[in-house]
Structures are given as C-alpha cells and as structure tokens.
$ cat run_1.cif   # mmCIF, C-alpha atoms
data_target
#
loop_
_atom_site.label_atom_id
_atom_site.label_comp_id
_atom_site.auth_asym_id
_atom_site.auth_seq_id
_atom_site.Cartn_x
_atom_site.Cartn_y
_atom_site.Cartn_z
CA MET A 202 0.62 0.42 2.35
CA LYS A 203 -0.44 4.05 2.52
CA ILE A 204 2.79 6.07 2.33
CA ALA A 205 2.84 9.77 3.27
CA TYR A 206 5.82 11.54 1.69
CA LEU A 207 6.53 14.58 3.89
CA ILE A 208 8.92 17.17 2.47
CA HIS A 209 9.99 20.79 2.81
CA TRP A 210 10.96 22.01 -0.66
CA ASN A 211 10.93 25.34 -2.45
CA GLU A 212 12.60 24.73 -5.82
CA GLY A 213 10.50 24.23 -8.92
CA PRO A 214 9.51 21.04 -10.71
CA GLU A 215 12.66 21.05 -12.86
CA SER A 216 14.95 20.62 -9.87
CA GLY A 217 16.62 17.23 -9.64
CA VAL A 218 15.32 16.68 -6.12
CA PHE A 219 11.71 17.34 -7.08
CA LYS A 220 12.01 14.96 -10.05
CA LYS A 221 13.40 12.35 -7.67
CA ILE A 222 10.53 12.83 -5.21
CA ILE A 223 7.88 12.42 -7.90
CA SER A 224 9.63 9.39 -9.42
CA GLN A 225 9.86 7.74 -6.02
CA ALA A 226 6.19 8.23 -5.18
CA LEU A 227 5.03 7.11 -8.63
CA SER A 228 7.19 4.01 -8.30
CA TRP A 229 5.53 3.22 -4.98
CA GLN A 230 2.18 3.44 -6.73
CA ALA A 231 3.40 1.17 -9.51
CA LEU A 232 4.38 -1.37 -6.84
CA GLY A 233 0.78 -1.39 -5.62
CA HIS A 234 0.93 1.13 -2.77
CA GLU A 235 -0.97 4.35 -2.16
CA ALA A 236 1.17 7.49 -1.95
CA ALA A 237 0.52 11.16 -1.29
CA LEU A 238 2.81 14.19 -1.10
CA PHE A 239 2.67 16.50 1.89
CA LEU A 240 4.57 19.62 0.82
CA PHE A 241 5.78 22.46 3.02
CA SER A 242 6.95 25.48 1.02
CA ARG A 243 7.25 29.25 0.94
CA GLY A 244 4.22 31.17 -0.21
CA THR A 245 6.33 32.62 -3.01
CA ALA A 246 7.25 29.17 -4.36
CA ALA A 247 5.59 28.21 -7.61
CA ALA A 248 2.66 25.85 -7.43
CA TRP A 249 3.10 22.46 -9.09
CA THR A 250 0.67 21.35 -11.75
CA GLU A 251 -1.01 17.96 -11.77
CA ALA A 252 1.08 17.01 -14.79
CA GLU A 253 4.29 17.90 -12.94
CA THR A 254 3.31 15.76 -9.94
CA GLY A 255 2.24 12.82 -12.07
CA GLY A 256 -1.32 13.04 -10.80
CA LEU A 257 -0.28 12.24 -7.21
CA PRO A 258 -2.48 13.60 -4.40
CA VAL A 259 -0.77 16.73 -3.02
CA PHE A 260 -1.42 18.41 0.33
CA ARG A 261 0.41 21.72 0.61
CA GLU A 262 0.91 24.25 3.38
CA GLU A 263 2.60 27.58 2.70
CA TYR A 264 4.56 29.80 5.08
CA ARG A 265 5.84 33.36 5.03
CA GLY A 266 8.77 34.20 7.27
CA TRP A 267 10.12 32.36 10.31
CA LEU A 268 7.31 33.28 12.69
CA GLY A 269 4.68 31.67 10.51
CA ARG A 270 6.45 28.38 9.99
CA SER A 271 5.57 26.39 13.11
CA PRO A 272 1.77 26.85 12.95
CA ARG A 273 1.72 26.15 9.20
CA PHE A 274 3.81 22.99 9.65
CA LYS A 275 1.49 21.90 12.44
CA ALA A 276 -1.40 22.32 10.00
CA LEU A 277 0.44 20.07 7.55
CA THR A 278 1.03 17.39 10.18
CA ALA A 279 -2.70 17.52 10.92
CA GLN A 280 -3.34 16.73 7.26
CA VAL A 281 -0.95 13.78 7.49
CA ARG A 282 -2.81 12.45 10.52
CA ALA A 283 -6.17 12.89 8.80
CA TRP A 284 -4.88 10.85 5.85
CA ASN A 285 -3.85 8.14 8.36
CA PRO A 286 -0.82 6.60 6.61
CA ASP A 287 0.72 3.22 7.36
CA VAL A 288 4.19 4.80 7.18
CA ILE A 289 5.65 8.31 6.91
CA TYR A 290 8.66 8.92 4.67
CA HIS A 291 10.35 12.24 5.47
CA ARG A 292 13.28 13.93 3.76
CA PHE A 293 15.27 15.09 6.80
CA ASP A 294 15.22 18.85 7.19
CA LEU A 295 14.58 21.28 10.06
CA PHE A 296 12.89 20.71 13.41
CA TYR A 297 9.32 21.89 13.95
CA PRO A 298 7.61 21.35 17.32
CA SER A 299 4.89 19.15 15.82
CA LEU A 300 7.29 16.90 13.87
CA PRO A 301 8.88 14.57 16.47
CA ARG A 302 5.56 13.42 17.87
CA LEU A 303 4.24 12.75 14.35
CA LEU A 304 7.30 10.59 13.61
CA ARG A 305 6.80 8.69 16.88
CA ASP A 306 3.06 8.20 16.44
CA TYR A 307 3.44 6.44 13.08
CA PRO A 308 6.01 4.08 11.57
CA SER A 309 8.46 6.57 10.08
CA VAL A 310 11.59 6.66 7.95
CA LEU A 311 13.98 9.58 7.49
CA GLU A 312 15.89 9.96 4.23
CA ILE A 313 19.40 11.34 4.86
CA ASN A 314 20.93 12.96 1.79
CA THR A 315 23.87 14.90 3.18
CA ASN A 316 26.05 15.70 6.15
CA ASP A 317 23.71 18.47 7.26
CA VAL A 318 26.02 19.86 9.95
CA ALA A 319 29.00 20.20 7.59
CA GLU A 320 26.83 21.67 4.83
CA LEU A 321 25.35 24.33 7.09
CA ALA A 322 28.85 25.25 8.28
CA LEU A 323 29.53 26.54 4.75
CA GLU A 324 26.69 29.06 5.04
CA GLY A 325 27.31 32.55 6.36
CA GLY A 326 25.45 35.78 7.05
CA VAL A 327 21.91 35.50 8.36
CA LEU A 328 21.98 31.75 7.69
CA ARG A 329 24.24 31.31 10.70
CA LEU A 330 21.15 31.68 12.89
CA ARG A 331 19.52 28.77 11.05
CA ARG A 332 22.65 26.69 11.64
CA PHE A 333 22.55 27.42 15.38
CA TYR A 334 18.86 26.51 15.53
CA HIS A 335 19.45 23.28 13.60
CA LEU A 336 22.37 22.20 15.77
CA LEU A 337 20.25 22.67 18.90
CA THR A 338 17.20 20.79 17.61
CA ARG A 339 18.25 18.18 15.01
CA ARG A 340 18.54 15.40 17.62
CA LEU A 341 14.84 15.75 18.43
CA VAL A 342 13.91 14.77 14.88
CA LEU A 343 16.56 12.07 14.50
CA ALA A 344 15.68 10.40 17.80
CA ALA A 345 11.98 10.26 16.90
CA ALA A 346 12.34 8.34 13.63
CA GLY A 347 11.74 4.62 13.39
CA GLY A 348 14.27 4.05 10.61
CA PHE A 349 16.73 5.74 8.28
CA VAL A 350 17.58 5.51 4.59
CA PHE A 351 21.04 6.86 3.78
CA VAL A 352 22.09 7.68 0.22
CA SER A 353 25.66 6.57 0.97
CA GLY A 354 27.44 4.17 3.29
CA GLU A 355 29.62 6.99 4.57
CA LEU A 356 26.59 8.88 5.89
CA ALA A 357 25.34 5.73 7.61
CA GLU A 358 28.63 5.53 9.53
CA ALA A 359 28.75 9.22 10.49
CA ASP A 360 28.69 9.79 14.26
CA GLY A 361 26.08 12.54 13.85
CA PHE A 362 23.58 9.92 12.64
CA ARG A 363 24.77 6.54 13.89
CA ARG A 364 23.89 7.20 17.53
CA TYR A 365 20.23 7.73 16.55
CA ALA A 366 19.80 4.97 13.97
CA LYS A 367 17.91 2.09 15.54
CA SER A 368 17.64 0.65 12.04
CA TYR A 369 18.84 1.77 8.61
CA ALA A 370 19.30 0.92 4.94
CA VAL A 371 21.77 2.33 2.41
CA ILE A 372 20.09 3.06 -0.94
CA GLY A 373 21.91 5.28 -3.42
CA ASN A 374 19.91 7.69 -5.55
CA GLY A 375 18.23 6.29 -8.64
CA ILE A 376 16.81 7.56 -11.91
CA PRO A 377 13.98 6.45 -14.25
CA LEU A 378 16.09 5.05 -17.08
CA ASP A 379 13.07 4.53 -19.30
CA GLN A 380 12.78 8.32 -19.65
CA PHE A 381 16.13 8.48 -21.45
CA ALA A 382 16.89 7.17 -24.91
CA GLU A 383 19.80 4.77 -25.00
CA VAL A 384 22.66 6.15 -27.13
CA THR A 385 25.51 4.01 -28.36
CA ALA A 386 27.88 6.80 -29.51
CA SER A 387 28.10 10.57 -29.24
CA LYS A 388 29.65 11.30 -32.60
CA ASP A 389 31.71 9.60 -35.26
CA ALA A 390 35.33 9.43 -34.19
CA ASP A 391 36.55 10.59 -37.57
CA THR A 392 38.96 13.37 -38.51
CA SER A 393 36.34 16.13 -38.60
CA ALA A 394 35.07 15.23 -35.13
CA SER A 395 38.59 15.16 -33.68
CA GLU A 396 39.16 18.72 -34.92
CA GLU A 397 36.27 19.96 -32.79
CA PRO A 398 36.95 20.87 -29.15
CA VAL A 399 36.31 18.23 -26.50
CA ARG A 400 32.99 19.21 -24.93
CA PHE A 401 32.22 18.91 -21.21
CA VAL A 402 28.88 19.51 -19.52
CA PHE A 403 28.20 20.35 -15.88
CA ILE A 404 24.80 20.60 -14.14
CA SER A 405 24.38 22.01 -10.65
CA SER A 406 22.14 24.11 -8.45
CA PRO A 407 23.47 27.64 -7.90
CA GLY A 408 25.44 28.53 -4.79
CA GLN A 409 26.71 25.10 -3.79
CA ALA A 410 30.42 25.47 -3.05
CA TRP A 411 30.96 21.71 -2.76
CA GLN A 412 30.07 21.20 -6.42
CA GLY A 413 33.41 22.75 -7.38
CA LEU A 414 32.57 25.36 -10.01
CA ASP A 415 35.89 27.05 -9.23
CA GLU A 416 37.73 23.78 -9.92
CA ILE A 417 36.11 23.65 -13.36
CA ALA A 418 37.24 27.24 -14.02
CA ARG A 419 40.84 26.30 -13.24
CA LEU A 420 40.59 23.27 -15.52
CA ALA A 421 39.08 25.36 -18.31
CA ALA A 422 41.87 27.92 -18.00
CA ALA A 423 44.46 25.15 -18.26
CA LYS A 424 42.79 23.67 -21.37
CA PRO A 425 41.61 26.58 -23.57
CA ASP A 426 41.05 24.15 -26.47
CA TRP A 427 38.29 22.36 -24.53
CA TRP A 428 34.67 23.56 -24.18
CA PHE A 429 32.64 23.65 -20.95
CA ASP A 430 28.84 24.08 -20.90
CA ILE A 431 27.65 25.12 -17.42
CA ILE A 432 23.96 24.60 -16.56
CA GLY A 433 22.57 26.15 -13.37
CA PRO A 434 25.27 28.29 -11.72
CA GLU A 435 25.95 31.83 -12.90
CA ARG A 436 29.23 33.53 -13.77
CA THR A 437 28.89 35.75 -10.70
CA GLU A 438 29.70 32.78 -8.44
CA LEU A 439 33.23 32.78 -9.82
CA GLU A 440 33.50 36.53 -9.43
CA THR A 441 32.59 36.14 -5.76
CA ALA A 442 35.44 33.63 -5.47
CA LYS A 443 37.71 36.20 -7.20
CA LEU A 444 38.14 34.02 -10.28
CA GLN A 445 37.71 34.91 -13.92
CA ALA A 446 35.60 32.67 -16.13
CA PRO A 447 37.68 31.60 -19.16
CA ALA A 448 36.20 32.22 -22.61
CA ASN A 449 35.70 28.46 -23.12
CA MET A 450 33.38 28.27 -20.12
CA VAL A 451 29.81 29.08 -21.25
CA PHE A 452 27.09 29.76 -18.65
CA HIS A 453 23.56 28.82 -19.73
CA GLY A 454 21.79 29.54 -16.42
CA GLN A 455 18.98 27.40 -15.09
CA LEU A 456 17.29 25.43 -17.87
CA THR A 457 14.51 22.90 -18.09
CA ARG A 458 15.48 19.46 -19.29
CA ASP A 459 13.96 19.95 -22.74
CA ARG A 460 16.30 22.94 -23.19
CA TYR A 461 19.51 21.43 -21.84
CA GLN A 462 19.12 17.98 -23.40
CA THR A 463 20.82 19.19 -26.59
CA LEU A 464 23.86 20.15 -24.52
CA LEU A 465 24.00 16.64 -23.08
CA ASP A 466 23.64 15.16 -26.56
CA ARG A 467 26.56 17.23 -27.86
CA ALA A 468 28.84 16.57 -24.88
CA ASP A 469 31.74 14.15 -24.87
CA LEU A 470 32.08 13.95 -21.09
CA ALA A 471 30.28 15.17 -17.96
CA ILE A 472 31.59 16.63 -14.73
CA GLY A 473 30.23 15.58 -11.36
CA THR A 474 30.88 16.94 -7.87
CA LEU A 475 34.50 18.05 -7.53
CA ALA A 476 34.71 19.60 -4.06
CA LEU A 477 32.77 17.30 -1.74
CA TYR A 478 35.76 17.55 0.61
CA ARG A 479 34.42 20.98 1.58
CA LYS A 480 31.63 19.18 3.40
CA GLY A 481 34.03 16.70 4.96
CA MET A 482 32.63 13.91 2.80
CA GLU A 483 34.18 11.34 0.47
CA GLU A 484 31.19 9.31 -0.79
CA ALA A 485 27.96 10.26 -2.57
CA SER A 486 25.36 9.25 -5.17
CA PRO A 487 24.40 12.57 -6.86
CA LEU A 488 21.29 12.81 -8.99
CA LYS A 489 23.08 14.71 -11.75
CA VAL A 490 25.62 11.91 -12.19
CA ARG A 491 22.78 9.44 -12.63
CA GLU A 492 21.33 11.71 -15.31
CA TYR A 493 24.70 11.86 -17.05
CA LEU A 494 24.99 8.06 -17.00
CA ALA A 495 21.39 7.65 -18.19
CA ASN A 496 22.49 9.70 -21.22
CA GLY A 497 25.52 7.46 -21.65
CA LEU A 498 28.04 10.15 -20.67
CA PRO A 499 31.31 9.13 -18.99
CA VAL A 500 31.91 11.11 -15.80
CA ILE A 501 34.78 12.90 -14.07
CA ALA A 502 34.22 13.53 -10.35
CA ALA A 503 36.04 13.62 -7.02
CA TYR A 504 34.24 11.27 -4.62
CA ARG A 505 33.51 7.56 -4.13
CA GLU A 506 30.34 6.45 -5.91
CA THR A 507 27.98 4.50 -3.65
CA ASP A 508 26.64 2.41 -6.53
CA PHE A 509 30.08 1.68 -8.03
CA PRO A 510 32.14 0.44 -5.08
CA GLU A 511 34.72 -1.03 -7.47
CA PRO A 512 36.46 1.05 -10.18
CA VAL A 513 34.66 1.21 -13.54
CA PRO A 514 36.23 2.52 -16.77
CA PHE A 515 33.59 5.21 -17.42
CA PHE A 516 33.96 6.98 -14.04
CA LEU A 517 37.21 8.86 -13.42
CA GLN A 518 37.53 9.41 -9.68
CA LEU A 519 39.85 12.28 -8.85
CA PRO A 520 41.21 12.77 -5.31
CA GLY A 521 39.07 14.91 -3.02
CA GLU A 522 41.51 17.79 -2.70
CA PRO A 523 41.83 21.43 -3.79
CA GLU A 524 42.82 22.04 -7.43
CA ASN A 525 42.22 18.37 -8.24
CA GLY A 526 41.48 19.15 -11.89
CA ILE A 527 44.76 20.81 -12.74
CA ARG A 528 46.78 18.56 -10.42
CA HIS A 529 45.53 15.51 -12.29
CA LEU A 530 45.25 17.04 -15.73
CA SER A 531 47.13 14.23 -17.43
CA ALA A 532 44.64 11.66 -16.12
CA ILE A 533 41.74 13.79 -17.37
CA GLU A 534 43.36 14.18 -20.79
CA ARG A 535 43.87 10.42 -21.02
CA PHE A 536 40.26 9.77 -19.97
CA ALA A 537 39.00 12.26 -22.57
CA ARG A 538 41.01 10.56 -25.34
CA GLU A 539 39.70 7.13 -24.34
CA TRP A 540 36.03 8.11 -24.13
CA ARG A 541 35.55 10.72 -26.81
CA GLY A 542 33.03 9.45 -29.34
CA ARG A 543 31.79 6.70 -27.01
CA ARG A 544 28.85 6.24 -24.69
CA VAL A 545 28.39 4.17 -21.53
CA SER A 546 26.40 1.01 -22.19
CA ARG A 547 22.98 0.89 -20.56
CA GLU A 548 23.83 -2.57 -19.25
CA HIS A 549 26.43 -1.07 -16.92
CA VAL A 550 23.94 1.28 -15.21
CA ARG A 551 20.71 -0.73 -14.97
CA HIS A 552 21.11 -1.06 -11.21
CA LEU A 553 20.64 2.73 -11.01
CA ASP A 554 17.08 2.42 -12.29
CA ILE A 555 14.49 3.78 -9.91
CA THR A 556 12.41 0.61 -10.08
CA VAL A 557 15.30 -1.28 -8.49
CA LYS A 558 15.88 1.42 -5.87
CA GLU A 559 12.24 1.86 -4.92
CA ALA A 560 11.56 -1.84 -4.57
CA ALA A 561 14.33 -1.89 -1.95
CA ARG A 562 13.00 1.28 -0.29
CA VAL A 563 9.44 -0.02 -0.05
CA ALA A 564 10.70 -3.32 1.36
CA TYR A 565 12.50 -1.38 4.08
CA MET A 566 9.44 0.75 4.86
CA ARG A 567 7.32 -2.41 5.07
CA ARG A 568 9.86 -3.81 7.53
CA ILE A 569 9.68 -0.69 9.72
CA ALA A 570 5.88 -0.77 9.65
CA GLY A 571 5.89 -4.48 10.51
CA GLU A 572 8.26 -3.99 13.43
CA ARG A 573 5.97 -1.26 14.76
CA GLU A 574 2.95 -3.58 14.55
CA ARG A 575 4.80 -6.37 16.38
CA GLY A 576 5.99 -3.90 19.00
CA ASN A 577 2.38 -2.89 19.61
CA GLY A 578 1.38 -6.51 20.05
CA SER A 579 -0.67 -6.67 16.83
#
$ encode --input "run_1.cif" --output "structure tokens"
Amino acid sequence: MKIAYLIHWNEGPESGVFKKIISQALSWQALGHEAALFLFSRGTAAAWTEAETGGLPVFREEYRGWLGRSPRFKALTAQVRAWNPDVIYHRFDLFYPSLPRLLRDYPSVLEINTNDVAELALEGGVLRLRRFYHLLTRRLVLAAAGGFVFVSGELAEADGFRRYAKSYAVIGNGIPLDQFAEVTASKDADTSASEEPVRFVFISSPGQAWQGLDEIARLAAAKPDWWFDIIGPERTELETAKLQAPANMVFHGQLTRDRYQTLLDRADLAIGTLALYRKGMEEASPLKVREYLANGLPVIAAYRETDFPEPVPFFLQLPGEPENGIRHLSAIERFAREWRGRRVSREHVRHLDITVKEAARVAYMRRIAGERERGNGS
C-alpha cells in the first residue's frame, strides 16, 4: 500500500511524538509498504533533516497565524491527492475545511491519542477560543474518517468518539526496542550503593498539568533523602502552581536523548503520568513509559496501562487522585526497596516493540482500504 501520514506537529525531532511518527512510517516501509509524511507546521518550527526523518519522503506546508492556516492546509491536502495514496493515516487534530472531504475521498484512519475535549478544557487565556472552535467542528473530522485507532481501550469507549467510530482498533503506543541496549541491573546492590540516595527520573513535555509535576514535588518534599531528575519541564511550572521545588528535585530542561541517557542509566526508578485524572481519564499508554521500560526501569504511575491489563511487579499503579504520591508513600517506599539495583527483563516488554504494533496497525489499514474497495464494487 501507499500510506500518506498526515500530521500537524510543531515540536522538534527529539520530541517523543515525532520519534513515534518516524518509527511508525519506517516500520511500514520495512513491512513492504510505501510511506510519506505530510507535515503541517508553523513557519517558525525547525526544519527536519533527512537523517532525522529516516530518509522518508516529506511534504511540508508552513503557516503563520490563524488566517493563513486554511489555505496552507488546503495546499497540503492537494499534495496528498497528487501522491494518490491507498490509505491516509491522520493523527487527529483540528478541523480545516479541506480535511473532511480528503478523509472521505480516500480510505482513511484517525489515530486518537487523548481525550481532546478534556485536555482542551485545561487550557486558558487565548486558547479558550481554540477550544470553542474545536468543540464546534471536531465532529466534521470524526464523521469523515473510515476507521479509528485508539491508543487505549478507555478512549475507544468514550462517548465523544464511539458515536462516530464505524470501525476501530485499540493499539497501545510502541517503541523500537532494538534502539535500546538491554540492561540486567542498574548498580550493584552492595553497601556503598545503598548509601547513595534512591534516584528517580521523570521525562515530560513542558506545561502539561496532567503529567503531575506538582505531585512529584510533594513526594520529593516528603522524602528529602531521595533524588529526582526532571527532564523537560522547568522550575517555573511549580512556581505558577505556588509550590516550591525541594532541593532534591533537579531540573535539567529539555534535552536530546544522547544527553539524558546518562540520567536514565543512573536512575533506580522512573515516574510516569501521575495526574491523568485531570483529563478525566484512567487508562493510557504513554511514550515515555515505554522508553523507561526499554531501558529496564521499573515505573511508578497513576493510570491503567493499556498493554499491561493485569498487574505486573515492575509497574506500581497508584490511584488516580490528588496527592497520590504522599498518600501512598509507604507503597512507593516498598516498591523502591524491592526494585533498587534491578532492571525489568526485556522478555516482559517485547510486546511493546514497534514491529509488533505496526504489523497490527498496517493490518487494520489494509482492512479499511479493502472495505472501501468492496464498497465501491471493485
């Protein structure tokens, strides 16, 4: 098949989402399909190099300001049509007048990564206008799609999507495990190691309240003998929430993987999403947690994991509630004692590999394309 990957994305090549997009498309190529990226981004966004896109064909349209978006997106849809794909795979985003017809004219699949309505409700200021626009128009995009891929079962059951889903598949996020060295232990569990502070690592994009940076700050304040390396968010986010960052909470800012890998190597445990309840959600399959597990790190988080429907010893699931870290401190302390100096076996996470995920995704896209052909009488 010829698969057109249509996305609106402004973050750089080191963002987890961009890495996921490239890995997906390259996996489709490895499975014998032809893939191309159709990128819609701000004119101020950095251009991606051929190395960063894995050599994939890239068609890009840039916009500046709201007024210029619709004509530039229409130009991008024209490039999709000229490429004449067998199926369009689109990461669900905002409505543009030229989008619904494009999704109806070709076999199309929407990827649903979040409860978009609940997430936008957390935004304030000028972004409220975007929320109003999205609430008025989202149905036009959802109703036009031929199929849906949800990253969690919870999203597949959400009323805001279910009424539009003629067909769907649930495929949690994956990660290219072959890009990560398998580690059997973090450090020797001897006396000298036990005298060092327990080290936690947390990776997130800035400004995402549902990640729970404030919950980590409360946990760090309660355990001053532990160490917390924070990658991505800045200290000012806590100041906005009127919280002080404890001295054992170190902010490294946004780093490329080659710079933060040493922090992962030194860590004993990793922290996943702690405040998903702020989006009214209970289940997820975050990319950062897959990166933690690919590095063998046991994880503390506060949501149900799509790819681990049954409890596993290396994933401590806290309740999705405010102050979950300090309310369940004894469970975290016990988990830290059990897992310090250990790593998660690769055998337990092989089903997270992107080759497994993308084989399922391509099979679903082939099904949608086949149904379209049969519906047309081919």
$ resolve_selection --input "run_1.cif" --expression "the PyMOL selection byres ((chain A and resi 256) around 12)" --output "PDB file with C-alpha atoms, keeping the file's coordinate frame"
ATOM      1  CA  ILE A 223       7.880  12.420  -7.900  1.00  0.00           C
ATOM      2  CA  SER A 224       9.630   9.390  -9.420  1.00  0.00           C
ATOM      3  CA  ALA A 226       6.190   8.230  -5.180  1.00  0.00           C
ATOM      4  CA  LEU A 227       5.030   7.110  -8.630  1.00  0.00           C
ATOM      5  CA  GLN A 230       2.180   3.440  -6.730  1.00  0.00           C
ATOM      6  CA  ALA A 236       1.170   7.490  -1.950  1.00  0.00           C
ATOM      7  CA  ALA A 237       0.520  11.160  -1.290  1.00  0.00           C
ATOM      8  CA  LEU A 238       2.810  14.190  -1.100  1.00  0.00           C
ATOM      9  CA  TRP A 249       3.100  22.460  -9.090  1.00  0.00           C
ATOM     10  CA  THR A 250       0.670  21.350 -11.750  1.00  0.00           C
ATOM     11  CA  GLU A 251      -1.010  17.960 -11.770  1.00  0.00           C
ATOM     12  CA  ALA A 252       1.080  17.010 -14.790  1.00  0.00           C
ATOM     13  CA  GLU A 253       4.290  17.900 -12.940  1.00  0.00           C
ATOM     14  CA  THR A 254       3.310  15.760  -9.940  1.00  0.00           C
ATOM     15  CA  GLY A 255       2.240  12.820 -12.070  1.00  0.00           C
ATOM     16  CA  LEU A 257      -0.280  12.240  -7.210  1.00  0.00           C
ATOM     17  CA  PRO A 258      -2.480  13.600  -4.400  1.00  0.00           C
ATOM     18  CA  VAL A 259      -0.770  16.730  -3.020  1.00  0.00           C
TER      19      VAL A 259
END
$ residues_around --input "run_1.cif" --residues "Leu295 in chain A" --least-positions-apart "4" --cutoff "9 Å" --atoms "all atoms listed in the file" --output "tab-separated table (two decimals) with C-alpha atoms, in the coordinates of the input"
chain	number	residue	atom	x	y	z
A	209	HIS	CA	9.99	20.79	2.81
A	334	TYR	CA	18.86	26.51	15.53
A	335	HIS	CA	19.45	23.28	13.60
A	338	THR	CA	17.20	20.79	17.61
A	339	ARG	CA	18.25	18.18	15.01
A	342	VAL	CA	13.91	14.77	14.88
$ atom_distance --input "run_1.cif" --atom1 "CA of Glu383 in chain A" --atom2 "CA of Pro398 in chain A"
23.9 Å
$ atom_distance --input "run_1.cif" --atom1 "CA of Phe401 in chain A" --atom2 "CA of Ile472 in chain A"
6.9 Å
$ resolve_selection --input "run_1.cif" --expression "the PyMOL selection byres ((chain A and resi 449) around 7)" --output "list in words"
Ala421, Pro425, Trp427, Trp428, Phe429, Pro447, Ala448, Met450 and Val451 of chain A
$ write_last_selection --input "run_1.cif" --atoms "C-alpha atoms" --output "PDB file, keeping the file's coordinate frame"
ATOM      1  CA  ALA A 421      39.080  25.360 -18.310  1.00  0.00           C
ATOM      2  CA  PRO A 425      41.610  26.580 -23.570  1.00  0.00           C
ATOM      3  CA  TRP A 427      38.290  22.360 -24.530  1.00  0.00           C
ATOM      4  CA  TRP A 428      34.670  23.560 -24.180  1.00  0.00           C
ATOM      5  CA  PHE A 429      32.640  23.650 -20.950  1.00  0.00           C
ATOM      6  CA  PRO A 447      37.680  31.600 -19.160  1.00  0.00           C
ATOM      7  CA  ALA A 448      36.200  32.220 -22.610  1.00  0.00           C
ATOM      8  CA  MET A 450      33.380  28.270 -20.120  1.00  0.00           C
ATOM      9  CA  VAL A 451      29.810  29.080 -21.250  1.00  0.00           C
TER      10      VAL A 451
END
$ closest_residue --input "run_1.cif" --among "A:Lys275, A:Ala345, A:Arg329, A:Pro499" --to "Pro308 in chain A" --atoms "all atoms listed in the file"
A:Ala345
$ resolve_selection --input "run_1.cif" --expression "the PyMOL selection byres ((chain A and resi 280) around 12)" --output "ChimeraX atom specification"
/A:205-207,237-241,259-262,273-279,281-286,303
$ atom_distance --input "run_1.cif" --atom1 "CA of Leu444 in chain A" --atom2 "CA of Ala418 in chain A"
7.8 Å
$ residues_around --input "run_1.cif" --residues "Ile555 in chain A" --least-positions-apart "3" --cutoff "12 Å" --atoms "all atoms listed in the file" --output "PyMOL selection string"
chain A and resi 220-229+231-232+372-380+488+491-492+495+550-552+558-563
$ closest_residue --input "run_1.cif" --among "A:Ser486, A:Ser299, A:Gln409, A:Thr474" --to "Glu522 in chain A" --atoms "only C-alpha atoms"
A:Thr474
$ closest_atom_pairs --input "run_1.cif" --of "range 409-469 of chain A" --to "range 311-324 of chain A" --cutoff "12 Å" --atoms "all atoms listed in the file" --output "JSON lines"
{"residue": "A:Gln409", "atom": "CA", "partner": "A:Leu323", "partner_atom": "CA", "distance": 9.1}
{"residue": "A:Ala410", "atom": "CA", "partner": "A:Leu323", "partner_atom": "CA", "distance": 7.9}
{"residue": "A:Trp411", "atom": "CA", "partner": "A:Glu320", "partner_atom": "CA", "distance": 8.6}
{"residue": "A:Gln412", "atom": "CA", "partner": "A:Glu320", "partner_atom": "CA", "distance": 11.7}
$ closest_residue --input "run_1.cif" --among "A:Leu343, A:Ser309, A:Phe296, A:Arg243" --to "Arg331 in chain A" --atoms "only C-alpha atoms"
A:Phe296
$ residues_around --input "run_1.cif" --residues "Val310 in chain A" --least-positions-apart "2" --cutoff "6 Å" --atoms "all atoms listed in the file" --output "MDAnalysis selection string"
chainID A and resid 290 346:349
$ write_last_selection --input "run_1.cif" --atoms "C-alpha atoms" --output "short mmCIF file (atom, residue, chain, number, x, y, z; two decimals), in the coordinates of the input"
data_model
loop_
_atom_site.label_atom_id
_atom_site.label_comp_id
_atom_site.auth_asym_id
_atom_site.auth_seq_id
_atom_site.Cartn_x
_atom_site.Cartn_y
_atom_site.Cartn_z
CA TYR A 290 8.66 8.92 4.67
CA ALA A 346 12.34 8.34 13.63
CA GLY A 347 11.74 4.62 13.39
CA GLY A 348 14.27 4.05 10.61
CA PHE A 349 16.73 5.74 8.28
#
$ closest_residue --input "run_1.cif" --among "A:Glu396, A:Asp469, A:Asp430, A:Glu483" --to "Val500 in chain A" --atoms "all atoms listed in the file"
A:Asp469
$ residues_around --input "run_1.cif" --residues "range 402-406 of chain A" --least-positions-apart "4" --cutoff "8 Å" --atoms "only C-alpha atoms" --output "list in words"
Gln412, Phe429, Asp430, Ile431, Ile432, Gly433, Pro434, Leu464, Leu465, Ala468, Leu470, Ala471, Ile472, Gly473 and Lys489 of chain A
$ axis_aligned_box --input "run_1.cif" --around "range 480-499 of chain A" --padding-each-side "8 Å" --output "AutoDock Vina command-line options"
--center_x 27.7 --center_y 13.3 --center_z -8.3 --size_x 28.9 --size_y 27.7 --size_z 42.6
